[in-house]
>>> print(open('upload_22.txt').read())   # compact mmCIF, C-alpha atoms
# COMPACT_ATOMS: atom_id res chain seq x y z
CA MET A 1463 -17.38 20.63 -11.67
CA THR A 1464 -17.00 19.00 -15.09
CA ALA A 1465 -17.53 22.31 -16.87
CA ARG A 1466 -14.95 23.95 -14.64
CA LEU A 1467 -12.39 21.22 -15.34
CA ASP A 1468 -13.11 21.44 -19.07
CA HIS A 1469 -12.49 25.18 -18.96
CA GLU A 1470 -9.23 24.71 -17.08
CA VAL A 1471 -7.87 22.08 -19.46
CA ARG A 1472 -8.97 24.10 -22.50
CA ALA A 1473 -7.08 27.12 -21.16
CA LEU A 1474 -4.01 24.98 -20.62
CA ARG A 1475 -4.18 23.70 -24.19
CA THR A 1476 -4.82 27.02 -25.90
CA ALA A 1477 -3.76 29.95 -23.70
CA THR A 1478 -2.06 30.30 -20.30
CA THR A 1479 -2.71 28.88 -16.83
CA LEU A 1480 -1.57 29.40 -13.27
CA ALA A 1481 -1.67 26.66 -10.64
CA ALA A 1482 -0.41 26.25 -7.11
CA GLY A 1483 2.68 24.09 -6.88
CA ASP A 1484 1.97 22.65 -3.45
CA HIS A 1485 2.32 19.15 -4.89
CA ILE A 1486 6.00 19.81 -5.67
CA ALA A 1487 8.53 19.26 -2.89
CA CYS A 1488 11.63 21.42 -3.10
CA VAL A 1489 14.89 20.50 -1.41
CA ARG A 1490 18.18 22.40 -1.52
CA VAL A 1491 21.33 20.26 -1.52
CA ARG A 1492 24.52 21.96 -0.44
CA GLY A 1493 28.10 20.94 0.35
CA SER A 1494 31.15 19.64 -1.47
CA GLY A 1495 29.48 16.22 -1.74
CA ALA A 1496 26.21 17.48 -3.21
CA THR A 1497 26.90 16.35 -6.77
CA ASP A 1498 28.07 12.91 -5.64
CA ALA A 1499 24.99 12.54 -3.45
CA ILE A 1500 22.70 13.28 -6.40
CA ASP A 1501 24.69 10.87 -8.53
CA ARG A 1502 24.15 8.07 -6.02
CA VAL A 1503 20.36 8.32 -6.09
CA SER A 1504 19.62 9.27 -9.71
CA PRO A 1505 19.03 6.34 -12.08
CA ARG A 1506 20.38 8.46 -14.93
CA PRO A 1507 23.39 10.79 -14.88
CA ALA A 1508 22.47 14.30 -13.72
CA PHE A 1509 23.91 17.21 -15.72
CA ALA A 1510 26.33 18.91 -13.37
CA ARG A 1511 26.22 22.16 -15.33
CA ALA A 1512 24.88 25.34 -13.77
CA GLY A 1513 21.36 26.20 -14.88
CA LYS A 1514 20.62 22.71 -16.24
CA MET A 1515 17.92 20.32 -15.04
CA THR A 1516 17.77 16.56 -15.39
CA HIS A 1517 14.41 14.81 -15.47
CA THR A 1518 14.90 11.64 -13.49
CA LEU A 1519 13.22 9.39 -10.91
CA VAL A 1520 13.52 8.31 -7.33
CA LEU A 1521 13.39 4.52 -7.07
CA ASP A 1522 13.08 2.38 -3.99
CA ASP A 1523 15.21 -0.73 -3.56
CA ASP A 1524 12.60 -2.80 -5.43
CA ALA A 1525 12.93 -0.40 -8.40
CA ARG A 1526 9.48 1.01 -7.83
CA PRO A 1527 9.37 4.68 -8.89
CA ILE A 1528 8.35 6.64 -5.80
CA ALA A 1529 8.89 10.16 -7.10
CA ASP A 1530 9.27 12.13 -10.28
CA LEU A 1531 12.38 14.25 -9.89
CA TYR A 1532 14.06 17.24 -11.46
CA ALA A 1533 17.69 17.52 -10.34
CA CYS A 1534 18.78 21.11 -10.97
CA CYS A 1535 22.43 22.12 -10.81
CA ASP A 1536 22.94 25.59 -9.33
CA GLU A 1537 26.72 26.17 -9.40
CA ASP A 1538 27.97 24.03 -6.50
CA ASP A 1539 24.52 23.40 -5.02
CA TRP A 1540 21.43 21.62 -6.33
CA PHE A 1541 17.69 22.01 -6.21
CA LEU A 1542 15.61 18.84 -6.14
CA LEU A 1543 12.01 19.27 -7.27
CA ALA A 1544 9.99 16.15 -6.53
CA GLU A 1545 6.43 15.01 -7.09
CA GLY A 1546 5.06 11.98 -5.28
CA MET A 1547 7.31 12.26 -2.26
CA PRO A 1548 7.24 14.84 0.54
CA ALA A 1549 10.43 16.78 1.19
CA PRO A 1550 11.28 15.06 4.52
CA ALA A 1551 11.10 11.63 2.86
CA LEU A 1552 13.22 12.82 -0.06
CA ILE A 1553 15.80 14.24 2.34
CA GLU A 1554 15.89 10.95 4.22
CA HIS A 1555 16.23 8.99 0.97
CA VAL A 1556 19.25 11.05 -0.15
CA ARG A 1557 20.83 11.28 3.29
CA ALA A 1558 20.68 7.51 3.77
CA ARG A 1559 22.77 7.10 0.64
CA ALA A 1560 25.18 9.96 1.21
CA ALA A 1561 27.34 8.33 3.85
CA GLY A 1562 30.80 9.86 3.94
CA LEU A 1563 29.81 12.88 1.88
CA ASP A 1564 29.74 16.51 2.95
CA VAL A 1565 26.06 17.23 2.26
CA ALA A 1566 23.43 19.49 3.81
CA LEU A 1567 19.79 19.01 2.80
CA ASP A 1568 17.15 21.64 3.46
CA ASP A 1569 13.41 21.46 2.94
CA LEU A 1570 12.52 24.79 1.33
CA SER A 1571 8.77 24.46 1.88
CA PRO A 1572 8.68 26.39 5.17
CA SER A 1573 10.28 29.41 3.51
CA HIS A 1574 9.30 29.06 -0.15
CA ALA A 1575 6.26 28.30 -2.28
CA MET A 1576 5.91 27.11 -5.85
CA VAL A 1577 3.52 28.25 -8.56
CA THR A 1578 3.39 26.77 -12.00
CA LEU A 1579 2.61 28.37 -15.38
CA ASN A 1580 1.56 26.21 -18.30
CA GLY A 1581 0.18 26.73 -21.76
CA PRO A 1582 1.29 27.37 -25.34
CA TYR A 1583 1.75 31.06 -24.52
CA ALA A 1584 3.17 30.72 -20.99
CA TRP A 1585 6.53 31.84 -22.36
CA GLU A 1586 5.02 35.12 -23.54
CA LEU A 1587 3.33 35.84 -20.23
CA LEU A 1588 6.56 35.06 -18.39
CA GLY A 1589 8.48 37.29 -20.80
CA GLU A 1590 6.27 40.23 -19.90
CA LEU A 1591 6.58 39.38 -16.24
CA THR A 1592 10.37 39.28 -16.28
CA THR A 1593 12.40 39.91 -19.41
CA PRO A 1594 11.91 38.92 -23.05
CA ASP A 1595 15.15 36.96 -22.66
CA VAL A 1596 13.08 34.21 -21.04
CA ILE A 1597 12.05 33.22 -24.54
CA GLY A 1598 15.54 31.85 -24.99
CA LEU A 1599 15.43 29.72 -21.85
CA PRO A 1600 15.91 26.17 -23.12
CA TYR A 1601 13.76 23.26 -22.02
CA LEU A 1602 15.18 21.85 -18.78
CA GLY A 1603 16.95 25.08 -17.93
CA PHE A 1604 16.45 27.49 -15.06
CA PHE A 1605 17.48 30.96 -13.97
CA HIS A 1606 17.20 33.27 -10.99
CA ALA A 1607 14.92 36.22 -11.68
CA ASP A 1608 14.15 39.20 -9.50
CA GLY A 1609 12.38 37.63 -6.54
CA PHE A 1610 12.00 34.06 -7.77
CA THR A 1611 13.71 31.16 -9.50
CA CYS A 1612 12.19 29.97 -12.76
CA PHE A 1613 12.49 26.32 -13.82
CA ARG A 1614 11.43 25.38 -17.34
CA GLY A 1615 10.08 21.85 -17.32
CA GLY A 1616 6.46 21.03 -17.90
CA LYS A 1617 4.62 17.72 -17.79
CA THR A 1618 1.60 18.59 -19.88
CA GLY A 1619 3.12 18.77 -23.35
CA GLU A 1620 2.83 22.57 -23.25
CA TYR A 1621 5.33 25.25 -22.31
CA GLY A 1622 5.72 24.88 -18.55
CA TYR A 1623 7.50 26.91 -15.90
CA ASP A 1624 7.72 26.31 -12.15
CA LEU A 1625 8.42 29.45 -10.14
CA LEU A 1626 10.01 29.09 -6.71
CA VAL A 1627 9.36 32.16 -4.60
CA GLU A 1628 9.82 33.15 -0.97
CA ARG A 1629 6.51 32.81 0.85
CA ASP A 1630 6.35 36.44 1.86
CA ARG A 1631 6.62 37.44 -1.80
CA LEU A 1632 4.13 34.88 -3.10
CA GLY A 1633 1.12 37.17 -2.87
CA ALA A 1634 2.80 39.93 -4.82
CA LEU A 1635 4.02 37.53 -7.50
CA ARG A 1636 0.56 35.97 -7.88
CA ASP A 1637 -1.03 39.42 -8.20
CA GLN A 1638 1.52 40.36 -10.81
CA ILE A 1639 0.90 37.15 -12.79
CA LEU A 1640 -2.87 37.62 -12.62
CA THR A 1641 -2.57 41.22 -13.79
CA VAL A 1642 -0.28 40.46 -16.73
CA GLY A 1643 -2.23 37.27 -17.38
CA ARG A 1644 -5.41 39.19 -18.27
CA ARG A 1645 -3.86 39.85 -21.67
CA PHE A 1646 -3.32 36.10 -22.14
CA GLU A 1647 -6.71 34.81 -20.95
CA LEU A 1648 -4.94 33.33 -17.94
CA ALA A 1649 -6.99 30.76 -16.04
CA GLU A 1650 -6.27 29.59 -12.52
CA ILE A 1651 -6.38 25.82 -12.63
CA SER A 1652 -6.43 22.91 -10.23
CA LEU A 1653 -4.12 19.96 -9.75
CA ALA A 1654 -6.91 17.82 -11.26
CA ALA A 1655 -6.59 19.75 -14.54
CA LEU A 1656 -2.82 19.31 -14.55
CA GLU A 1657 -3.28 15.59 -13.99
CA ILE A 1658 -5.75 15.24 -16.85
CA ALA A 1659 -3.28 17.04 -19.11
CA GLN A 1660 -0.56 14.64 -18.01
CA LEU A 1661 -2.83 11.71 -18.81
CA GLU A 1662 -3.53 13.11 -22.28
CA ASN A 1663 0.22 13.24 -22.87
CA LEU A 1664 1.05 9.96 -21.10
CA VAL A 1665 3.41 11.69 -18.70
CA TRP A 1666 3.92 9.56 -15.62
CA ASN A 1667 1.98 10.77 -12.59
CA PRO A 1668 3.43 9.38 -9.33
CA ARG A 1669 0.25 10.15 -7.37
CA ARG A 1670 -1.99 8.08 -9.64
CA GLU A 1671 0.24 5.67 -11.55
CA SER A 1672 2.30 3.89 -8.96
CA ALA A 1673 1.95 0.33 -7.69
CA PRO A 1674 4.23 -1.97 -5.71
CA ASP A 1675 4.94 -4.31 -8.63
CA LEU A 1676 5.57 -1.67 -11.29
CA THR A 1677 9.03 -0.53 -12.32
CA PRO A 1678 10.23 1.86 -15.05
CA ILE A 1679 10.20 -1.15 -17.40
CA GLU A 1680 6.42 -1.62 -17.17
CA LEU A 1681 5.74 2.12 -16.99
CA GLN A 1682 7.70 2.97 -20.16
CA LEU A 1683 10.13 5.05 -18.15
CA GLN A 1684 13.35 3.36 -19.24
CA TRP A 1685 14.50 6.61 -20.84
CA ARG A 1686 14.96 7.92 -17.31
CA ILE A 1687 17.27 5.13 -16.20
CA ARG A 1688 20.55 3.59 -17.23
CA TYR A 1689 21.43 -0.02 -16.66
CA ASP A 1690 25.16 0.69 -16.35
CA ARG A 1691 24.94 2.69 -13.10
CA GLU A 1692 24.61 2.00 -9.40
CA TYR A 1693 21.55 3.48 -7.66
CA PRO A 1694 18.72 2.30 -5.41
CA GLY A 1695 16.74 -0.34 -7.28
CA ALA A 1696 19.40 -1.02 -9.94
CA ALA A 1697 19.78 -4.68 -9.01
CA ALA A 1698 16.01 -5.19 -8.96
CA LEU A 1699 15.74 -3.58 -12.40
CA HIS A 1700 18.29 -5.97 -13.86
CA ARG A 1701 16.30 -8.90 -12.50
CA ARG A 1702 12.99 -7.52 -13.75
CA ARG A 1703 14.37 -6.80 -17.19
CA ARG A 1704 14.73 -10.50 -17.86
CA VAL A 1705 11.17 -11.39 -16.92
CA ALA A 1706 9.03 -8.32 -17.59
CA GLU A 1707 5.76 -9.49 -19.13
CA ARG A 1708 3.61 -6.36 -18.94
CA ARG A 1709 3.76 -2.80 -20.23
CA ALA A 1710 1.72 0.38 -20.01
CA VAL A 1711 -0.56 1.31 -22.90
CA LEU A 1712 -2.82 4.28 -23.48
CA LEU A 1713 -6.47 3.34 -24.03
CA CYS A 1714 -9.37 5.45 -25.23
CA ALA A 1715 -13.10 4.79 -25.24
CA ASP A 1716 -16.36 6.63 -25.77
CA ARG A 1717 -17.72 5.34 -22.46
CA GLU A 1718 -16.39 5.77 -18.96
CA LEU A 1719 -13.13 4.07 -18.02
CA ALA A 1720 -12.43 3.60 -14.33
CA ASP A 1721 -9.33 3.12 -12.20
CA GLY A 1722 -8.84 -0.56 -11.40
CA ALA A 1723 -11.10 -1.89 -14.18
CA ARG A 1724 -9.99 -5.09 -15.86
CA VAL A 1725 -8.90 -5.10 -19.50
CA VAL A 1726 -10.20 -8.02 -21.56
CA ALA A 1727 -9.12 -9.06 -25.05
CA ASP A 1728 -10.40 -12.04 -27.01
CA GLY A 1729 -12.39 -13.01 -23.90
CA ARG A 1730 -9.28 -13.13 -21.72
CA ASP A 1731 -8.18 -10.90 -18.84
CA ILE A 1732 -4.94 -9.28 -20.00
CA GLY A 1733 -4.44 -6.55 -17.43
CA GLY A 1734 -5.92 -3.64 -15.54
CA VAL A 1735 -6.43 0.11 -15.64
CA LEU A 1736 -4.01 2.09 -13.51
CA HIS A 1737 -5.45 5.58 -13.98
CA ALA A 1738 -8.41 6.78 -16.02
CA GLY A 1739 -10.07 10.10 -16.69
CA ARG A 1740 -12.19 12.00 -19.15
CA SER A 1741 -10.25 14.04 -21.67
CA PRO A 1742 -11.85 17.44 -22.27
CA THR A 1743 -9.52 18.00 -25.21
CA ARG A 1744 -10.45 14.78 -27.00
CA GLY A 1745 -14.01 14.45 -25.75
CA ASP A 1746 -13.59 10.80 -24.78
CA TRP A 1747 -12.15 8.73 -21.93
CA LEU A 1748 -8.49 7.88 -21.55
CA ALA A 1749 -6.76 5.32 -19.37
CA ILE A 1750 -3.28 4.07 -18.69
CA ALA A 1751 -3.47 0.31 -18.41
CA ILE A 1752 -0.86 -2.29 -17.62
CA VAL A 1753 -1.40 -5.23 -19.97
CA GLU A 1754 0.38 -8.29 -21.30
CA ARG A 1755 3.41 -7.21 -23.27
CA ALA A 1756 2.42 -9.15 -26.39
CA LEU A 1757 -0.69 -7.00 -26.70
CA ALA A 1758 0.78 -3.76 -25.34
CA HIS A 1759 0.89 -1.95 -28.67
CA ALA A 1760 -0.79 1.17 -30.00
CA GLY A 1761 -3.25 1.27 -32.86
CA LEU A 1762 -5.21 -1.83 -31.81
CA ALA A 1763 -8.98 -2.06 -31.37
CA GLY A 1764 -11.10 -4.68 -29.65
CA PHE A 1765 -10.40 -4.30 -25.94
CA GLU A 1766 -13.19 -4.48 -23.37
CA VAL A 1767 -12.92 -2.40 -20.20
CA GLY A 1768 -16.03 -2.73 -18.05
CA ASP A 1769 -18.92 -1.69 -20.29
CA ALA A 1770 -16.66 0.18 -22.69
CA VAL A 1771 -15.05 -0.92 -25.92
CA ALA A 1772 -11.56 0.54 -26.00
CA ARG A 1773 -8.67 0.89 -28.40
CA THR A 1774 -5.02 1.67 -27.85
CA LEU A 1775 -3.42 4.97 -28.86
CA SER A 1776 0.06 6.28 -29.49
CA ALA A 1777 1.22 8.88 -27.02
CA PRO A 1778 0.62 11.71 -26.80
CA SER A 1779 -3.09 11.43 -27.49
CA ILE A 1780 -3.33 15.02 -28.73
CA ASP A 1781 -1.29 17.32 -30.97
CA ASN A 1782 0.01 19.84 -28.46
CA ARG A 1783 -0.16 23.43 -29.67
CA SER A 1784 3.15 24.21 -27.93
CA LEU A 1785 4.94 21.96 -30.38
CA LEU A 1786 4.02 24.40 -33.15
CA VAL A 1787 4.11 27.74 -31.32
CA ASP A 1788 7.44 29.39 -32.08
CA PRO A 1789 8.18 32.42 -29.87
CA GLN A 1790 10.11 33.98 -32.75
CA ARG A 1791 7.10 33.86 -35.08
CA HIS A 1792 3.94 33.56 -33.03
CA ALA A 1793 2.14 35.48 -30.31
CA PHE A 1794 -1.00 35.09 -28.26
CA ALA A 1795 -2.52 38.09 -30.03
CA THR A 1796 -2.28 36.40 -33.43
CA ARG A 1797 -3.24 32.89 -32.33
CA ASP A 1798 -6.52 32.86 -34.24
CA THR A 1799 -4.89 33.76 -37.53
CA ASP A 1800 -1.73 31.69 -37.21
CA GLY A 1801 -3.42 28.73 -38.84
CA PHE A 1802 -2.67 26.06 -36.28
CA PRO A 1803 -4.24 22.65 -36.89
CA PRO A 1804 -6.76 21.23 -34.40
CA LEU A 1805 -5.54 19.67 -31.16
CA VAL A 1806 -7.08 16.34 -32.09
CA ARG A 1807 -6.85 14.87 -35.54
CA PRO A 1808 -10.14 13.77 -37.05
CA MET N 580 -3.67 -16.60 -33.59
CA THR N 581 -6.57 -14.22 -33.23
CA ASP N 582 -6.94 -11.14 -35.40
CA LEU N 583 -5.89 -8.95 -32.47
CA GLU N 584 -2.78 -11.04 -31.87
CA ILE N 585 -1.86 -10.88 -35.56
CA ARG N 586 -2.22 -7.09 -35.63
CA SER N 587 -0.29 -6.78 -32.39
CA ALA N 588 2.51 -8.97 -33.72
CA ALA N 589 2.73 -6.78 -36.83
CA ARG N 590 3.10 -3.65 -34.64
CA ALA N 591 5.70 -5.47 -32.54
CA ALA N 592 7.70 -6.37 -35.65
CA MET N 593 7.62 -2.77 -36.84
CA LEU N 594 8.67 -1.56 -33.39
CA ASP N 595 11.61 -3.96 -33.31
CA ARG N 596 12.72 -2.82 -36.74
CA LEU N 597 12.53 0.85 -35.82
CA ARG N 598 14.35 0.29 -32.54
CA GLY N 599 17.17 -1.47 -34.35
CA LEU N 600 17.45 1.29 -36.93
CA LEU N 601 17.54 4.03 -34.30
CA VAL N 602 20.17 2.29 -32.21
CA VAL N 603 22.42 1.80 -35.24
CA HIS N 604 21.83 5.01 -37.19
CA LEU N 605 21.71 7.38 -34.22
CA GLN N 606 24.30 5.54 -32.14
CA LEU N 607 22.17 5.75 -29.04
CA GLY N 608 24.36 3.59 -26.86
CA ARG N 609 21.34 1.71 -25.56
CA ASP N 610 19.92 -1.74 -26.17
CA PRO N 611 16.91 -1.74 -28.50
CA ASP N 612 14.56 -3.01 -25.77
CA GLU N 613 15.32 0.10 -23.72
CA LEU N 614 13.52 2.24 -26.29
CA ASP N 615 9.96 2.25 -24.99
CA PRO N 616 7.36 2.76 -27.72
CA ASP N 617 5.73 5.83 -26.18
CA ALA N 618 8.86 7.43 -24.71
CA PRO N 619 9.58 10.95 -25.95
CA LEU N 620 12.31 10.90 -28.57
CA PHE N 621 13.40 14.53 -28.30
CA GLY N 622 13.94 16.88 -25.37
CA SER N 623 14.20 15.12 -22.06
CA GLY N 624 13.41 11.67 -23.48
CA LEU N 625 16.04 9.89 -25.51
CA GLY N 626 17.65 13.28 -26.04
CA LEU N 627 17.60 13.33 -29.83
CA ASP N 628 18.39 16.66 -31.51
CA SER N 629 17.78 18.38 -34.84
CA LEU N 630 20.61 16.49 -36.55
CA ASP N 631 19.04 13.23 -35.41
CA ALA N 632 15.74 14.44 -36.86
CA VAL N 633 17.38 14.84 -40.28
CA GLU N 634 18.81 11.35 -39.95
CA LEU N 635 15.37 10.01 -39.08
CA VAL N 636 13.82 11.64 -42.14
CA VAL N 637 16.44 10.03 -44.37
CA CYS N 638 16.02 6.71 -42.58
CA LEU N 639 12.24 6.68 -42.98
CA GLU N 640 12.55 7.33 -46.69
CA SER N 641 15.31 4.82 -47.37
CA GLU N 642 14.02 2.02 -45.14
CA PHE N 643 10.26 2.44 -45.40
CA GLY N 644 9.73 4.55 -48.50
CA VAL N 645 7.98 7.15 -46.36
CA ARG N 646 8.51 10.74 -47.47
CA ILE N 647 7.27 13.52 -45.20
CA GLU N 648 6.60 16.83 -46.90
CA ASP N 649 4.44 18.44 -44.21
CA PRO N 650 6.57 19.94 -41.40
CA VAL N 651 3.64 19.85 -38.98
CA ALA N 652 3.06 16.14 -39.59
CA LEU N 653 6.78 15.61 -39.20
CA ARG N 654 6.92 17.21 -35.77
CA HIS N 655 3.96 15.24 -34.47
CA SER N 656 5.16 11.96 -35.96
CA PHE N 657 8.59 12.20 -34.38
CA ARG N 658 7.32 12.43 -30.82
CA SER N 659 7.60 8.71 -30.09
CA LEU N 660 8.30 5.40 -31.81
CA ASN N 661 4.59 4.65 -31.73
CA LYS N 662 3.85 7.90 -33.56
CA MET N 663 6.42 6.95 -36.19
CA ILE N 664 4.81 3.54 -36.61
CA ASP N 665 1.43 5.28 -37.02
CA LEU N 666 2.94 7.39 -39.79
CA ILE N 667 4.52 4.43 -41.57
CA SER N 668 1.32 2.42 -41.24
CA ALA N 669 -0.83 5.25 -42.56
CA THR N 670 1.49 5.68 -45.54
CA ARG N 671 1.92 2.01 -46.38
CA GLY N 672 -1.28 0.49 -45.05
CA ALA N 673 -1.57 -1.90 -42.08
CA PRO N 674 -0.51 -2.60 -39.38
>>> encode(input="upload_22.txt", output="structure tokens")
Amino acid sequence: MTARLDHEVRALRTATTLAAGDHIACVRVRGSGATDAIDRVSPRPAFARAGKMTHTLVLDDDARPIADLYACCDEDDWFLLAEGMPAPALIEHVRARAAGLDVALDDLSPSHAMVTLNGPYAWELLGELTTPDVIGLPYLGFFHADGFTCFRGGKTGEYGYDLLVERDRLGALRDQILTVGRRFELAEISLAALEIAQLENLVWNPRRESAPDLTPIELQLQWRIRYDREYPGAAALHRRRRVAERRAVLLCADRELADGARVVADGRDIGGVLHAGRSPTRGDWLAIAIVERALAHAGLAGFEVGDAVARTLSAPSIDNRSLLVDPQRHAFATRDTDGFPPLVRP
Amino acid sequence: MTDLEIRSAARAAMLDRLRGLLVVHLQLGRDPDELDPDAPLFGSGLGLDSLDAVELVVCLESEFGVRIEDPVALRHSFRSLNKMIDLISATRGAP
């Protein structure tokens, strides 16, 4: 199991991967009030420009993030891609706040499936699958290809594409990806591998890093909200902003870190681990912990977590290869001679 | 104060200084405390672009005396405020 996970994460960090996207809910929003409906629920303004995606959140009235959301403008309609919230709940959340608007919300899961491609050479695989023009698809952009819709997002620090395809065409698309993928050492990976990659990059994971008393302020997600807008949870956020005393930090240790473990500093309990896991890329353990704000800084040693001695890190915890892979200059075939530095600095 | 608290306070001071510089120099239209230390600076995060990156390079040199010659180090160090603090600290010594 561990060896399998290591292989999957290694493939994601160095080559190409394919994963099922069953954890992503997809909702289509139609009607003349679609844009206004999105605007009412998104804590940050959503780009109402065709082919553009906005990475935002769904908050409850207590400002707790309950889903990670891409709002994707498709001419007059929108796609909502959500993690952490099933489509019926997302539809209910939007509908409850769309009073007076002409809006139709459809759960696409009965008719469509999602697969996700990640890795520093995912762009090249996708280019062979569709058209080389995909290389020019900007981050947080999407387009309709022959038989599927391709969203460029990614939560692993690598090139990432979510493909939305009709269910009766899913098998053919998967076969096509697997065939083309042979030239890119494509690995089929699990949700567990995606989640480890997210942890390595400190990308919020709604399935593992949510708690009733945590808001975007504690979770370092303020870049996904604005304080000058009205949305569910806005009032609670204003209140919390004045009294927030904790913040998320990334911890690493040579020994096992566990979900829920207490974090001790100078003999004092200063917080707890929200989500922990072993990093195959780094070869140590990582954890997101919520600790007292005064000590919630990177680059500090001397924390005790269970039996482990831990230190705080700056995010991301690795040097993602995708940051250096330039589709105009690099290719999977030349990866060994392109002279990239290691994924983890000594 | 304990040694850990002293080191943490030094990081906090550096973070506050960087936040203030970013808000002023890049005209972010946000309060400094909205800039979370591990939030992505470019792309979907605070939405900085290549012109902002040039401004940041100039800012690091003029305010901290940090000159970055290596483009790879530059890209990795501009991923978050914490990464920038790591770079400044490594160049100038603690925190």
>>> closest_residue(input="upload_22.txt", among="A:Arg1704, A:Thr1774, A:Pro1582, A:Asp1595", to="Ala1473 in chain A", atoms="only C-alpha atoms")
A:Pro1582
>>> interface_residues(input="upload_22.txt", of="chain N", to="chain A", cutoff="6 Å", atoms="all atoms listed in the file", output="ChimeraX atom specification")
/N:587,613,615,617,624-625,661-662
>>> closest_residue(input="upload_22.txt", among="A:Ser1504, A:Ser1494, A:Thr1677, A:Thr1618", to="His1555 in chain A", atoms="all atoms listed in the file")
A:Ser1504
>>> residues_around(input="upload_22.txt", residues="Leu653 in chain N", least_positions_apart="4", cutoff="12 Å", atoms="only C-alpha atoms", output="PDB file with C-alpha atoms, in the coordinates of the input")
ATOM      1  CA  ASP A1781      -1.290  17.320 -30.970  1.00  0.00           C
ATOM      2  CA  LEU A1785       4.940  21.960 -30.380  1.00  0.00           C
ATOM      3  CA  LEU A1786       4.020  24.400 -33.150  1.00  0.00           C
TER       4      LEU A1786
ATOM      5  CA  ALA N 632      15.740  14.440 -36.860  1.00  0.00           C
ATOM      6  CA  VAL N 633      17.380  14.840 -40.280  1.00  0.00           C
ATOM      7  CA  LEU N 635      15.370  10.010 -39.080  1.00  0.00           C
ATOM      8  CA  VAL N 636      13.820  11.640 -42.140  1.00  0.00           C
ATOM      9  CA  LEU N 639      12.240   6.680 -42.980  1.00  0.00           C
ATOM     10  CA  VAL N 645       7.980   7.150 -46.360  1.00  0.00           C
ATOM     11  CA  ARG N 646       8.510  10.740 -47.470  1.00  0.00           C
ATOM     12  CA  ILE N 647       7.270  13.520 -45.200  1.00  0.00           C
ATOM     13  CA  GLU N 648       6.600  16.830 -46.900  1.00  0.00           C
ATOM     14  CA  ASP N 649       4.440  18.440 -44.210  1.00  0.00           C
ATOM     15  CA  PHE N 657       8.590  12.200 -34.380  1.00  0.00           C
ATOM     16  CA  ARG N 658       7.320  12.430 -30.820  1.00  0.00           C
ATOM     17  CA  SER N 659       7.600   8.710 -30.090  1.00  0.00           C
ATOM     18  CA  LYS N 662       3.850   7.900 -33.560  1.00  0.00           C
ATOM     19  CA  MET N 663       6.420   6.950 -36.190  1.00  0.00           C
ATOM     20  CA  ASP N 665       1.430   5.280 -37.020  1.00  0.00           C
ATOM     21  CA  LEU N 666       2.940   7.390 -39.790  1.00  0.00           C
ATOM     22  CA  ILE N 667       4.520   4.430 -41.570  1.00  0.00           C
TER      23      ILE N 667
END
>>> atom_distance(input="upload_22.txt", atom1="CA of His1737 in chain A", atom2="CA of Met1547 in chain A")
18.6 Å
>>> atom_distance(input="upload_22.txt", atom1="CA of Ile1651 in chain A", atom2="CA of Val1471 in chain A")
7.9 Å
>>> closest_residue(input="upload_22.txt", among="A:Ile1553, A:Asp1624, A:Glu1590, A:Leu1676", to="Tyr1532 in chain A", atoms="only C-alpha atoms")
A:Asp1624
>>> atom_distance(input="upload_22.txt", atom1="CA of Pro1789 in chain A", atom2="CA of Ile1597 in chain A")
6.6 Å
>>> residues_near_point(input="upload_22.txt", point="(-5.6, 14.3, -20.8)", cutoff="10 Å", atoms="only C-alpha atoms", output="list of chain:residue names")
A:Val1471, A:Thr1618, A:Ala1655, A:Leu1656, A:Glu1657, A:Ile1658, A:Ala1659, A:Gln1660, A:Leu1661, A:Glu1662, A:Asn1663, A:Leu1664, A:Val1665, A:Ala1738, A:Gly1739, A:Arg1740, A:Ser1741, A:Pro1742, A:Thr1743, A:Arg1744, A:Gly1745, A:Asp1746, A:Trp1747, A:Leu1748, A:Ala1749, A:Pro1778, A:Ser1779, A:Ile1780
>>> residues_around(input="upload_22.txt", residues="range 589-599 of chain N", least_positions_apart="2", cutoff="7 Å", atoms="all atoms listed in the file", output="CSV table (one decimal) with C-alpha atoms, keeping the file's coordinate frame")
chain,number,residue,atom,x,y,z
A,1759,HIS,CA,0.9,-2.0,-28.7
N,585,ILE,CA,-1.9,-10.9,-35.6
N,586,ARG,CA,-2.2,-7.1,-35.6
N,587,SER,CA,-0.3,-6.8,-32.4
N,601,LEU,CA,17.5,4.0,-34.3
N,602,VAL,CA,20.2,2.3,-32.2
N,603,VAL,CA,22.4,1.8,-35.2
N,611,PRO,CA,16.9,-1.7,-28.5
N,614,LEU,CA,13.5,2.2,-26.3
N,664,ILE,CA,4.8,3.5,-36.6
N,674,PRO,CA,-0.5,-2.6,-39.4
>>> residues_around(input="upload_22.txt", residues="Val1503 in chain A", least_positions_apart="6", cutoff="10 Å", atoms="all atoms listed in the file", output="NGL selection string")
:A and (1518-1522 or 1555-1560 or 1692-1695)
>>> residues_around(input="upload_22.txt", residues="Leu605 in chain N", least_positions_apart="4", cutoff="8 Å", atoms="all atoms listed in the file", output="JSON list (two decimals) with C-alpha atoms, in the coordinates of the input")
[["chain", "number", "residue", "atom", "x", "y", "z"],
["N", 600, "LEU", "CA", 17.45, 1.29, -36.93],
["N", 601, "LEU", "CA", 17.54, 4.03, -34.30],
["N", 631, "ASP", "CA", 19.04, 13.23, -35.41],
["N", 634, "GLU", "CA", 18.81, 11.35, -39.95]]
>>> axis_aligned_box(input="upload_22.txt", around="range 1720-1732 of chain A", padding_each_side="6 Å", output="lines of an AutoDock Vina configuration file")
center_x = -8.7
center_y = -4.8
center_z = -19.2
size_x = 19.5
size_y = 28.7
size_z = 27.6
